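**Q** If it helps, the file is called start.cif and holds mmCIF, C-alpha atoms (C1' of nucleotides):
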data_final
loop_
_atom_site.label_atom_id
_atom_site.label_comp_id
_atom_site.auth_asym_id
_atom_site.auth_seq_id
_atom_site.Cartn_x
_atom_site.Cartn_y
_atom_site.Cartn_z
CA MET A 1 110.72 93.49 54.52
CA ILE A 2 107.30 93.72 56.15
CA GLU A 3 105.68 93.48 52.73
CA LYS A 4 107.69 90.37 51.93
CA THR A 5 106.59 88.59 55.10
CA LEU A 6 102.95 89.54 54.60
CA GLN A 7 102.89 88.77 50.87
CA HIS A 8 101.01 85.50 51.26
CA PHE A 9 99.32 86.35 54.56
CA ASN A 10 95.53 86.38 54.43
CA ILE A 11 94.83 89.53 56.43
CA ASP A 12 91.03 89.49 55.99
CA GLY A 13 90.77 85.83 56.96
CA PHE A 14 93.04 86.34 59.94
CA GLN A 15 91.01 89.29 61.20
CA GLN A 16 87.74 87.45 60.77
CA ASP A 17 88.90 84.27 62.53
CA LEU A 18 90.47 86.23 65.36
CA LEU A 19 87.52 88.57 65.90
CA THR A 20 84.93 85.80 65.71
CA TRP A 21 86.83 83.86 68.35
CA TYR A 22 87.15 86.96 70.52
CA GLN A 23 83.43 87.77 70.45
CA ALA A 24 82.65 84.23 71.58
CA ASN A 25 85.45 83.80 74.12
CA LYS A 26 86.32 87.16 75.61
CA ARG A 27 86.33 87.30 79.38
CA ASP A 28 83.84 89.51 81.16
CA LEU A 29 86.31 91.91 82.74
CA PRO A 30 85.34 94.98 84.78
CA TRP A 31 87.16 97.41 82.48
CA ARG A 32 85.29 96.03 79.48
CA ALA A 33 81.92 97.27 80.79
CA ASP A 34 82.24 100.43 78.71
CA GLN A 35 84.75 102.50 76.72
CA ASP A 36 85.27 105.19 79.34
CA PRO A 37 88.79 106.45 78.51
CA TYR A 38 89.65 107.02 82.17
CA ARG A 39 88.70 103.47 83.15
CA VAL A 40 90.55 102.04 80.17
CA TRP A 41 93.55 104.11 81.21
CA VAL A 42 93.47 102.96 84.84
CA SER A 43 93.12 99.33 83.77
CA GLU A 44 96.00 99.55 81.29
CA ILE A 45 98.34 101.06 83.86
CA MET A 46 97.42 98.37 86.39
CA LEU A 47 97.84 95.64 83.78
CA GLN A 48 101.43 96.65 82.99
CA GLN A 49 103.54 93.62 84.04
CA THR A 50 100.58 92.35 86.01
CA LYS A 51 98.17 89.45 85.51
CA VAL A 52 94.46 90.04 84.93
CA ASP A 53 93.41 88.04 88.01
CA THR A 54 95.64 90.17 90.22
CA VAL A 55 94.32 93.43 88.80
CA ILE A 56 90.56 92.77 89.02
CA PRO A 57 90.03 93.48 92.75
CA TYR A 58 92.41 96.47 92.66
CA PHE A 59 90.57 97.93 89.69
CA GLN A 60 87.16 97.56 91.36
CA ARG A 61 88.30 99.23 94.57
CA PHE A 62 90.19 101.95 92.73
CA ILE A 63 87.25 102.90 90.52
CA ASP A 64 84.86 102.85 93.48
CA LYS A 65 87.15 105.23 95.29
CA TYR A 66 88.15 107.35 92.29
CA PRO A 67 85.32 107.06 89.75
CA THR A 68 86.51 109.87 87.46
CA VAL A 69 89.64 111.90 86.77
CA TYR A 70 88.36 114.55 89.18
CA GLU A 71 88.34 112.38 92.29
CA LEU A 72 91.78 111.01 91.47
CA ALA A 73 93.19 114.45 90.72
CA ASP A 74 92.02 115.69 94.12
CA ALA A 75 93.10 112.63 96.10
CA ASP A 76 95.83 112.48 98.73
CA PRO A 77 98.83 110.79 97.04
CA GLN A 78 99.31 108.67 100.14
CA ASP A 79 95.76 107.33 99.81
CA VAL A 80 96.38 106.55 96.13
CA LEU A 81 99.49 104.64 97.13
CA LYS A 82 97.49 102.75 99.75
CA ALA A 83 94.99 101.79 97.03
CA TRP A 84 97.96 100.49 95.02
CA GLU A 85 99.48 98.58 97.96
CA GLY A 86 100.53 95.08 96.87
CA LEU A 87 100.23 95.79 93.17
CA GLY A 88 103.88 96.73 92.75
CA TYR A 89 105.69 99.20 90.50
CA TYR A 90 104.44 102.05 92.65
CA SER A 91 105.66 104.80 90.34
CA ARG A 92 102.74 103.76 88.14
CA ALA A 93 100.36 105.15 90.79
CA ARG A 94 102.30 108.38 91.17
CA ASN A 95 102.61 108.91 87.43
CA LEU A 96 98.94 108.08 86.88
CA GLN A 97 97.79 110.66 89.39
CA ASN A 98 100.16 113.29 88.01
CA ALA A 99 98.95 112.63 84.49
CA VAL A 100 95.31 112.78 85.60
CA LYS A 101 96.00 116.15 87.22
CA GLU A 102 97.47 117.26 83.90
CA VAL A 103 94.35 116.10 82.08
CA VAL A 104 92.15 118.09 84.45
CA ALA A 105 94.35 121.18 84.31
CA THR A 106 95.12 121.22 80.59
CA TYR A 107 92.47 119.20 78.79
CA GLY A 108 89.32 120.07 80.76
CA GLY A 109 89.19 116.61 82.29
CA LYS A 110 88.96 114.87 78.90
CA VAL A 111 91.57 112.20 78.19
CA PRO A 112 93.30 113.38 74.97
CA LYS A 113 92.42 111.60 71.72
CA ASP A 114 95.51 113.07 70.14
CA ARG A 115 98.41 110.64 69.78
CA GLU A 116 101.12 113.13 70.73
CA GLU A 117 99.22 114.72 73.60
CA LEU A 118 98.30 111.34 75.07
CA GLY A 119 101.81 109.97 74.71
CA ALA A 120 103.26 113.00 76.49
CA LEU A 121 101.43 112.16 79.72
CA LYS A 122 103.42 110.60 82.58
CA GLY A 123 103.37 106.83 82.57
CA ILE A 124 101.86 106.51 79.11
CA GLY A 125 104.35 104.83 76.78
CA PRO A 126 103.88 103.35 73.30
CA TYR A 127 101.83 100.35 74.48
CA THR A 128 99.47 102.21 76.80
CA ARG A 129 98.96 105.00 74.29
CA GLY A 130 97.97 102.49 71.63
CA ALA A 131 95.71 100.63 74.04
CA ILE A 132 93.81 103.77 75.07
CA LEU A 133 93.53 105.11 71.52
CA SER A 134 92.25 101.82 70.15
CA ILE A 135 90.12 100.54 73.03
CA ALA A 136 88.56 103.81 74.18
CA TYR A 137 88.65 105.83 70.95
CA ASP A 138 88.49 103.16 68.21
CA GLN A 139 91.64 104.40 66.50
CA PRO A 140 93.63 101.83 64.47
CA GLU A 141 96.79 102.13 66.59
CA PRO A 142 98.94 99.13 67.56
CA ALA A 143 99.12 98.15 71.23
CA VAL A 144 102.08 95.82 71.39
CA ASP A 145 102.62 94.09 74.73
CA GLY A 146 104.26 90.76 75.53
CA ASN A 147 101.17 88.81 74.51
CA VAL A 148 101.03 90.48 71.13
CA MET A 149 104.73 89.93 70.48
CA ARG A 150 104.38 86.27 71.39
CA VAL A 151 101.33 85.72 69.17
CA ILE A 152 102.68 87.68 66.21
CA SER A 153 106.16 86.19 66.46
CA ARG A 154 104.57 82.77 66.09
CA VAL A 155 102.01 83.64 63.44
CA LEU A 156 104.57 85.41 61.24
CA LYS A 157 107.60 83.40 62.41
CA ILE A 158 109.63 86.38 63.51
CA GLU A 159 112.92 85.12 64.89
CA GLU A 160 114.17 88.35 66.39
CA ASN A 161 114.98 89.11 70.00
CA ILE A 162 111.82 90.69 71.42
CA ALA A 163 113.86 92.27 74.22
CA GLU A 164 115.22 94.78 71.71
CA GLN A 165 113.49 98.12 71.29
CA ARG A 166 114.07 97.95 67.56
CA VAL A 167 112.16 94.67 67.35
CA LYS A 168 109.20 96.03 69.28
CA LYS A 169 108.96 98.78 66.65
CA LEU A 170 108.98 96.07 64.00
CA PHE A 171 106.00 94.40 65.67
CA GLU A 172 104.16 97.72 65.75
CA ALA A 173 104.75 98.04 62.02
CA TYR A 174 103.33 94.56 61.44
CA VAL A 175 100.26 95.27 63.56
CA ARG A 176 99.64 98.46 61.59
CA GLU A 177 99.48 96.32 58.47
CA ILE A 178 97.11 93.68 59.80
CA ILE A 179 94.93 95.60 62.30
CA SER A 180 91.18 95.73 61.73
CA VAL A 181 90.35 99.32 60.84
CA ASN A 182 86.67 98.56 61.43
CA ASP A 183 87.20 97.33 64.99
CA PRO A 184 90.70 98.07 66.27
CA ALA A 185 89.45 97.92 69.87
CA SER A 186 88.43 94.28 69.52
CA PHE A 187 91.40 93.43 67.32
CA ASN A 188 94.03 94.55 69.83
CA GLN A 189 92.20 93.02 72.78
CA ALA A 190 91.69 89.80 70.82
CA LEU A 191 95.45 89.45 70.22
CA MET A 192 96.12 89.93 73.92
CA GLU A 193 93.27 87.64 74.95
CA LEU A 194 94.54 84.93 72.63
CA GLY A 195 98.02 85.32 74.09
CA ALA A 196 96.67 85.03 77.62
CA LEU A 197 94.27 82.11 77.05
CA VAL A 198 95.55 80.04 74.12
CA CYS A 199 98.88 81.19 72.71
CA THR A 200 100.58 80.93 76.10
CA PRO A 201 104.35 81.03 76.69
CA LYS A 202 105.13 77.45 77.74
CA SER A 203 102.60 75.18 76.13
CA PRO A 204 100.29 76.91 73.67
CA ASP A 205 96.99 75.11 73.05
CA CYS A 206 97.37 75.13 69.28
CA PRO A 207 94.67 72.52 68.54
CA VAL A 208 91.95 74.91 69.74
CA CYS A 209 93.55 78.03 68.29
CA PRO A 210 91.23 79.97 65.97
CA ILE A 211 94.11 81.24 63.85
CA LYS A 212 96.28 78.13 63.58
CA GLU A 213 95.67 78.00 59.84
CA HIS A 214 97.35 81.41 59.61
CA CYS A 215 100.26 80.50 61.87
CA THR A 216 103.66 79.77 60.34
CA ALA A 217 105.15 78.52 63.61
CA TYR A 218 102.28 76.03 64.01
CA ARG A 219 102.69 74.86 60.43
CA GLU A 220 106.38 74.21 61.06
CA GLY A 221 105.90 72.91 64.62
CA ILE A 222 108.21 75.51 66.12
CA GLN A 223 105.69 77.42 68.28
CA GLN A 224 107.57 76.42 71.45
CA GLU A 225 110.75 78.06 70.18
CA LEU A 226 109.12 81.45 69.75
CA PRO A 227 109.37 84.22 70.68
CA ILE A 228 113.13 84.55 71.02
CA LYS A 229 114.28 86.54 74.01
CA THR A 230 117.55 87.04 75.86
CA LYS A 231 117.58 85.97 79.49
CA ALA A 232 117.74 88.47 82.29
CA LYS A 233 120.79 88.39 84.49
CA LYS A 234 120.21 87.00 87.97
CA GLN A 235 119.49 89.23 90.90
CA LYS A 236 121.86 90.36 93.62
CA ARG A 237 121.03 89.12 97.12
CA ILE A 238 121.02 91.73 99.88
CA PRO A 239 120.76 90.69 103.56
CA TYR A 240 118.99 92.90 106.10
CA ALA A 241 117.99 92.71 109.74
CA VAL A 242 114.47 94.09 110.13
CA LEU A 243 113.69 95.45 113.59
CA LEU A 244 110.19 95.48 115.02
CA ILE A 245 110.93 98.15 117.62
CA LYS A 246 108.28 98.53 120.33
CA ASN A 247 108.27 101.37 122.84
CA GLN A 248 106.69 101.41 126.30
CA LYS A 249 103.38 102.65 124.88
CA GLU A 250 103.13 99.52 122.73
CA GLU A 251 103.86 101.54 119.59
CA TYR A 252 106.07 100.39 116.71
CA LEU A 253 108.63 102.42 114.84
CA ILE A 254 108.02 102.81 111.09
CA GLU A 255 109.72 105.00 108.53
CA LYS A 256 108.81 106.46 105.18
CA ARG A 257 111.01 105.67 102.20
CA PRO A 258 112.44 108.43 99.97
CA ASP A 259 110.22 109.83 97.23
CA SER A 260 112.24 108.17 94.48
CA GLY A 261 113.79 104.78 93.89
CA LEU A 262 112.70 101.38 95.15
CA LEU A 263 109.28 101.35 96.87
CA ALA A 264 109.24 105.14 96.85
CA ASN A 265 107.06 106.76 99.53
CA LEU A 266 106.04 103.46 101.10
CA TRP A 267 106.44 102.84 104.85
CA HIS A 268 108.31 100.01 106.50
CA PHE A 269 110.00 98.79 109.65
CA PRO A 270 113.64 99.83 110.08
CA MET A 271 116.06 97.74 108.01
CA VAL A 272 119.73 97.31 108.85
CA PRO A 273 121.96 96.47 105.85
CA LEU A 274 123.99 93.49 107.07
CA GLU A 275 126.59 93.83 104.33
CA GLU A 276 127.66 97.11 105.94
CA VAL A 277 126.84 96.52 109.61
CA GLU A 278 128.19 93.77 111.87
CA PHE A 279 125.52 91.98 113.88
CA ASP A 280 126.93 93.28 117.18
CA GLU A 281 126.83 96.83 115.83
CA ILE A 282 123.12 96.86 114.98
CA ALA A 283 122.04 98.81 118.06
CA ASN A 284 124.80 101.36 117.55
CA TRP A 285 123.87 101.73 113.90
CA ILE A 286 120.21 102.28 114.81
CA PHE A 287 121.24 105.00 117.27
CA ARG A 288 123.36 106.76 114.66
CA GLU A 289 120.65 106.57 111.99
CA TYR A 290 117.52 107.05 114.07
CA GLY A 291 118.68 108.59 117.36
CA ILE A 292 117.01 105.82 119.31
CA ARG A 293 118.43 103.45 121.93
CA VAL A 294 117.23 99.92 121.26
CA THR A 295 117.67 96.54 122.87
CA LEU A 296 117.69 93.69 120.41
CA HIS A 297 115.67 90.62 121.40
CA ASP A 298 114.91 87.29 119.77
CA LYS A 299 114.81 86.49 116.09
CA LEU A 300 111.21 85.98 114.96
CA GLY A 301 111.71 84.61 111.48
CA GLU A 302 113.18 84.98 108.04
CA LEU A 303 111.72 86.25 104.80
CA LYS A 304 112.99 86.21 101.24
CA HIS A 305 111.54 88.85 98.97
CA VAL A 306 112.30 88.73 95.28
CA PHE A 307 112.27 91.86 93.11
CA THR A 308 113.01 91.99 89.41
CA HIS A 309 116.62 93.04 89.90
CA LEU A 310 117.44 92.15 93.52
CA ILE A 311 116.52 89.89 96.43
CA TRP A 312 115.97 90.98 100.00
CA GLN A 313 117.08 88.38 102.53
CA LEU A 314 115.34 89.52 105.70
CA ASP A 315 116.00 88.38 109.27
CA ILE A 316 113.25 89.71 111.54
CA TYR A 317 113.96 90.66 115.15
CA ASN A 318 112.03 91.86 118.15
CA ALA A 319 113.46 95.01 119.66
CA GLU A 320 112.58 97.40 122.44
CA THR A 321 113.20 101.04 123.26
CA ASP A 322 112.54 103.47 126.10
CA ASP A 323 112.42 106.38 123.67
CA SER A 324 109.14 107.47 122.12
CA ASN A 325 109.62 110.96 120.80
CA ILE A 326 110.70 111.43 117.21
CA LYS A 327 111.33 114.65 115.36
CA HIS A 328 111.17 113.57 111.71
CA SER A 329 107.94 113.34 109.75
CA GLU A 330 109.35 110.28 107.97
CA LEU A 331 109.81 108.44 111.26
CA ILE A 332 106.82 107.63 113.48
CA PHE A 333 105.85 105.49 116.45
CA GLU A 334 102.44 104.10 115.66
CA GLU A 335 99.98 101.77 117.37
CA LYS A 336 99.49 98.40 115.76
CA ARG A 337 95.85 99.19 114.96
CA ASN A 338 96.83 102.35 113.09
CA LEU A 339 99.45 100.77 110.86
CA LYS A 340 96.85 99.78 108.28
CA ALA A 341 96.48 103.41 107.24
CA TYR A 342 100.00 103.42 105.81
CA PRO A 343 101.06 101.84 102.50
CA PHE A 344 103.56 99.03 103.09
CA PRO A 345 105.46 96.80 100.69
CA VAL A 346 104.21 93.22 100.71
CA SER A 347 107.36 91.98 102.44
CA HIS A 348 106.62 94.18 105.44
CA LEU A 349 102.90 93.41 105.42
CA LYS A 350 103.95 89.82 105.99
CA MET A 351 105.73 90.85 109.20
CA MET A 352 102.58 92.25 110.80
CA LYS A 353 101.79 88.79 112.16
CA TYR A 354 104.78 89.07 114.52
CA LEU A 355 103.49 92.27 116.17
"C1'" DA B 356 121.21 100.06 74.88
"C1'" DA B 357 121.21 98.86 79.63
"C1'" DT B 358 119.26 99.41 84.12
"C1'" DT B 359 115.68 100.36 87.49
"C1'" DC B 360 111.18 99.67 89.08
"C1'" DG B 361 106.96 94.58 92.39
"C1'" DG B 362 104.85 90.91 92.88
"C1'" DG B 363 102.51 86.54 91.73
"C1'" DG B 364 102.42 82.00 89.72
"C1'" DG B 365 104.37 77.71 87.65
"C1'" DG B 366 107.38 73.72 87.40
"C1'" DC C 367 113.78 76.38 95.34
"C1'" DC C 368 114.62 78.67 90.78
"C1'" DC C 369 112.54 80.41 86.60
"C1'" DC C 370 109.12 82.93 83.96
"C1'" DC C 371 106.23 86.85 82.88
"C1'" DA C 372 107.03 92.18 80.83
"C1'" DG C 373 105.84 98.40 80.04
"C1'" DA C 374 107.83 102.95 81.23
"C1'" DA C 375 111.26 105.93 82.99
"C1'" DT C 376 115.86 106.83 83.66
"C1'" DT C 377 120.62 106.97 82.67
#
Would you give me this structure, written as structure tokens?
**A**
Amino acid sequence: MIEKTLQHFNIDGFQQDLLTWYQANKRDLPWRADQDPYRVWVSEIMLQQTKVDTVIPYFQRFIDKYPTVYELADADPQDVLKAWEGLGYYSRARNLQNAVKEVVATYGGKVPKDREELGALKGIGPYTRGAILSIAYDQPEPAVDGNVMRVISRVLKIEENIAEQRVKKLFEAYVREIISVNDPASFNQALMELGALVCTPKSPDCPVCPIKEHCTAYREGIQQELPIKTKAKKQKRIPYAVLLIKNQKEEYLIEKRPDSGLLANLWHFPMVPLEEVEFDEIANWIFREYGIRVTLHDKLGELKHVFTHLIWQLDIYNAETDDSNIKHSELIFEEKRNLKAYPFPVSHLKMMKYL
DNA sequence: AATTCGGGGGG
DNA sequence: CCCCCAGAATT
């Protein structure tokens, strides 16, 4: 059925129009300075679910700090997490470092060119594998992300639900048919660049589009209806009381999250789940969980923090304790000025102003 | 196939 | 305020 769709599609003309536009309009992005496979890799991991403008400063700092696989392989995981702070999806950082260690240990520090070897590394899925192989190694592999699915769904009028795994495979098959074998690096990046700058989700700027003559959706005026995608279900709201607990040495209590699950290995102020704990029982709950006697003071503010699948509704309180000795390594009293050494989720970074 | 993982930006 | 964006791992 791919052949049928592409029967009257001018592949050479499409490639030429797309690539010409890309050469003239591509943004000057830090990870486009060269084809260093490690840098391409770092950029692609950071760009997963994340906008270019957000990634740029993180990428610069990260490469300054970890210029090659060797520095990253040797780094303290906590420092890597700190470098990732605010970027989200923190397992990306952990997986990246683990995979880089694997590259140093198994592949002599060279990022594998082999499709299977590369795809076996932690955090490298079908998209990232294709991106690295094409951008760093000039291999004609598809790199199908949301941009590419949006652009191709419009150009070829593909009315399938892009949320389905099966459909993503279909897009990869189409890209294999139309990719420029001469310059797959530019071809894949051009599709994504077009998706980011012209063929945008809400109101695509079709009049200026370099490939509108090749676009079935444009011809039929249905570009706004594509791609087709099922809606996500709405998130569950979870209320917490967050306690900024200060001891007599002006230190605040922070704790380290478990090494798996939400915000794994990040630090934060103690959170009391209000669905399970009555307001009047907060101090008792804290004593049971942390072994610390606290006095709850005034409410400082509220914060709503939205994740992909849940919402934290946070009430922030001042609290005080006479205790200051803690046994656990995941639970520490720390001076305000030292808190910046720990990786925090953005929601808790926003509470620092109350300290 | 469905769910779990962050956070920023737009309307 | 709600809605949109969207890769990989896990189950």
**Q** As an exercise, work out the distance from CA of Gly261 in chain A to CA of Val346 in chain A in Å and give it to one decimal place.
**A**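 According to the coordinates, CA of Gly261 in chain A and CA of Val346 in chain A are separated by 16.5 Å.
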**Q** Give me the result of the PyMOL selection byres ((chain C) within 6 of (chain A)) on this file, residue by residue, as a list in words.
**A**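 Selection result, ordered by chain and number: DA372, DG373 and DA374 of chain C.
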**Q** For the point (104.9, 89.0, 96.9) in file coordinates, what residues are within 12 Å, counting all atoms listed in the file? Give the answer as a list in words?
**A** Thr54, Glu85, Gly86, Leu87, Gly88, Leu303, Lys304, His305, Val306, Phe307, Thr308, Ile311, Trp312, Phe344, Pro345, Val346, Ser347, His348, Leu349 and Lys350 of chain A; DG361, DG362, DG363 and DG364 of chain B
**Q** Would you translate the PyMOL selection byres ((chain A and resi 197) around 10) into the concrete set of residues it matches in this file, as number ranges by chain?
**A** A: 25-27, 147, 192-196, 198-200, 204-205, 209
**Q** Quote the spacing between CA of Ile316 in chain A and CA of Leu244 in chain A in Å to one decimal place.
**A**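 Result for CA of Ile316 in chain A versus CA of Leu244 in chain A: 7.4 Å, one decimal.
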**Q** Between CA of Thr68 in chain A and CA of Tyr90 in chain A, what is the distance in Å, rounded to a tenth?
**A**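 Computing the Euclidean distance for CA of Thr68 in chain A and CA of Tyr90 in chain A yields 20.2 Å.
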**Q** So which residues touch range 319-325 of chain A within 10 Å, counting all atoms listed in the file, skipping near sequence neighbours fewer than 5 positions away, as a JSON list (two decimals) with C-alpha atoms, keeping the file's coordinate frame?
**A**
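Printed below is out_16.json as written:
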[["chain", "number", "residue", "atom", "x", "y", "z"],
["A", 242, "VAL", "CA", 114.47, 94.09, 110.13],
["A", 243, "LEU", "CA", 113.69, 95.45, 113.59],
["A", 244, "LEU", "CA", 110.19, 95.48, 115.02],
["A", 245, "ILE", "CA", 110.93, 98.15, 117.62],
["A", 246, "LYS", "CA", 108.28, 98.53, 120.33],
["A", 247, "ASN", "CA", 108.27, 101.37, 122.84],
["A", 248, "GLN", "CA", 106.69, 101.41, 126.30],
["A", 249, "LYS", "CA", 103.38, 102.65, 124.88],
["A", 250, "GLU", "CA", 103.13, 99.52, 122.73],
["A", 251, "GLU", "CA", 103.86, 101.54, 119.59],
["A", 252, "TYR", "CA", 106.07, 100.39, 116.71],
["A", 253, "LEU", "CA", 108.63, 102.42, 114.84],
["A", 283, "ALA", "CA", 122.04, 98.81, 118.06],
["A", 291, "GLY", "CA", 118.68, 108.59, 117.36],
["A", 292, "ILE", "CA", 117.01, 105.82, 119.31],
["A", 293, "ARG", "CA", 118.43, 103.45, 121.93],
["A", 294, "VAL", "CA", 117.23, 99.92, 121.26],
["A", 295, "THR", "CA", 117.67, 96.54, 122.87],
["A", 296, "LEU", "CA", 117.69, 93.69, 120.41],
["A", 297, "HIS", "CA", 115.67, 90.62, 121.40],
["A", 298, "ASP", "CA", 114.91, 87.29, 119.77],
["A", 299, "LYS", "CA", 114.81, 86.49, 116.09],
["A", 331, "LEU", "CA", 109.81, 108.44, 111.26],
["A", 332, "ILE", "CA", 106.82, 107.63, 113.48],
["A", 333, "PHE", "CA", 105.85, 105.49, 116.45],
["A", 334, "GLU", "CA", 102.44, 104.10, 115.66]]
**Q** When distances are computed from all atoms listed in the file, which of A:Phe279, A:Leu133, A:Ala232, A:Cys206 shows the smallest separation from DT358 in chain B?
**A**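 The shortest atom-to-atom distance to DT358 in chain B comes from A:Ala232.
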**Q** If we count only C-alpha atoms (C1' of nucleotides) and set the cut-off at 7 Å, which residues sit around Glu255 in chain A, ignoring sequence neighbours fewer than 5 positions away in its own chain? Please answer as an NGL selection string.
**A** :A and (267-270 or 330-332)
**Q** May I have the residues from that selection written out with C-alpha atoms, as a PDB file, in the frame of the given file?
**A**
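Saved file result10.pdb follows:
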ATOM      1  CA  TRP A 267     106.440 102.840 104.850  1.00  0.00           C
ATOM      2  CA  HIS A 268     108.310 100.010 106.500  1.00  0.00           C
ATOM      3  CA  PHE A 269     110.000  98.790 109.650  1.00  0.00           C
ATOM      4  CA  PRO A 270     113.640  99.830 110.080  1.00  0.00           C
ATOM      5  CA  GLU A 330     109.350 110.280 107.970  1.00  0.00           C
ATOM      6  CA  LEU A 331     109.810 108.440 111.260  1.00  0.00           C
ATOM      7  CA  ILE A 332     106.820 107.630 113.480  1.00  0.00           C
TER       8      ILE A 332
END
**Q** If the PyMOL selection byres ((chain C and resi 376) around 8) is run on the structure shown, which residues does it catch, given as JSON, numbers by chain?
**A** {"B": [359], "C": [375, 377]}
**Q** Determine, counting all atoms listed in the file, which protein, DNA and RNA residues have an atom within 12 Å of an atom of DC368 in chain C; residues of the same chain fewer than 6 positions away are not included. Present the result as a list in words.
**A** Lys234, Gln235 and Val306 of chain A; DG365 and DG366 of chain B
**Q** From the set A:Tyr174, A:Trp41, A:Tyr89, A:Tyr218, which residue has the shortest atom-to-atom contact distance to chain B, counting only C-alpha atoms (C1' of nucleotides)?
**A**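 Of the candidates, the smallest distance to chain B is held by A:Tyr89.
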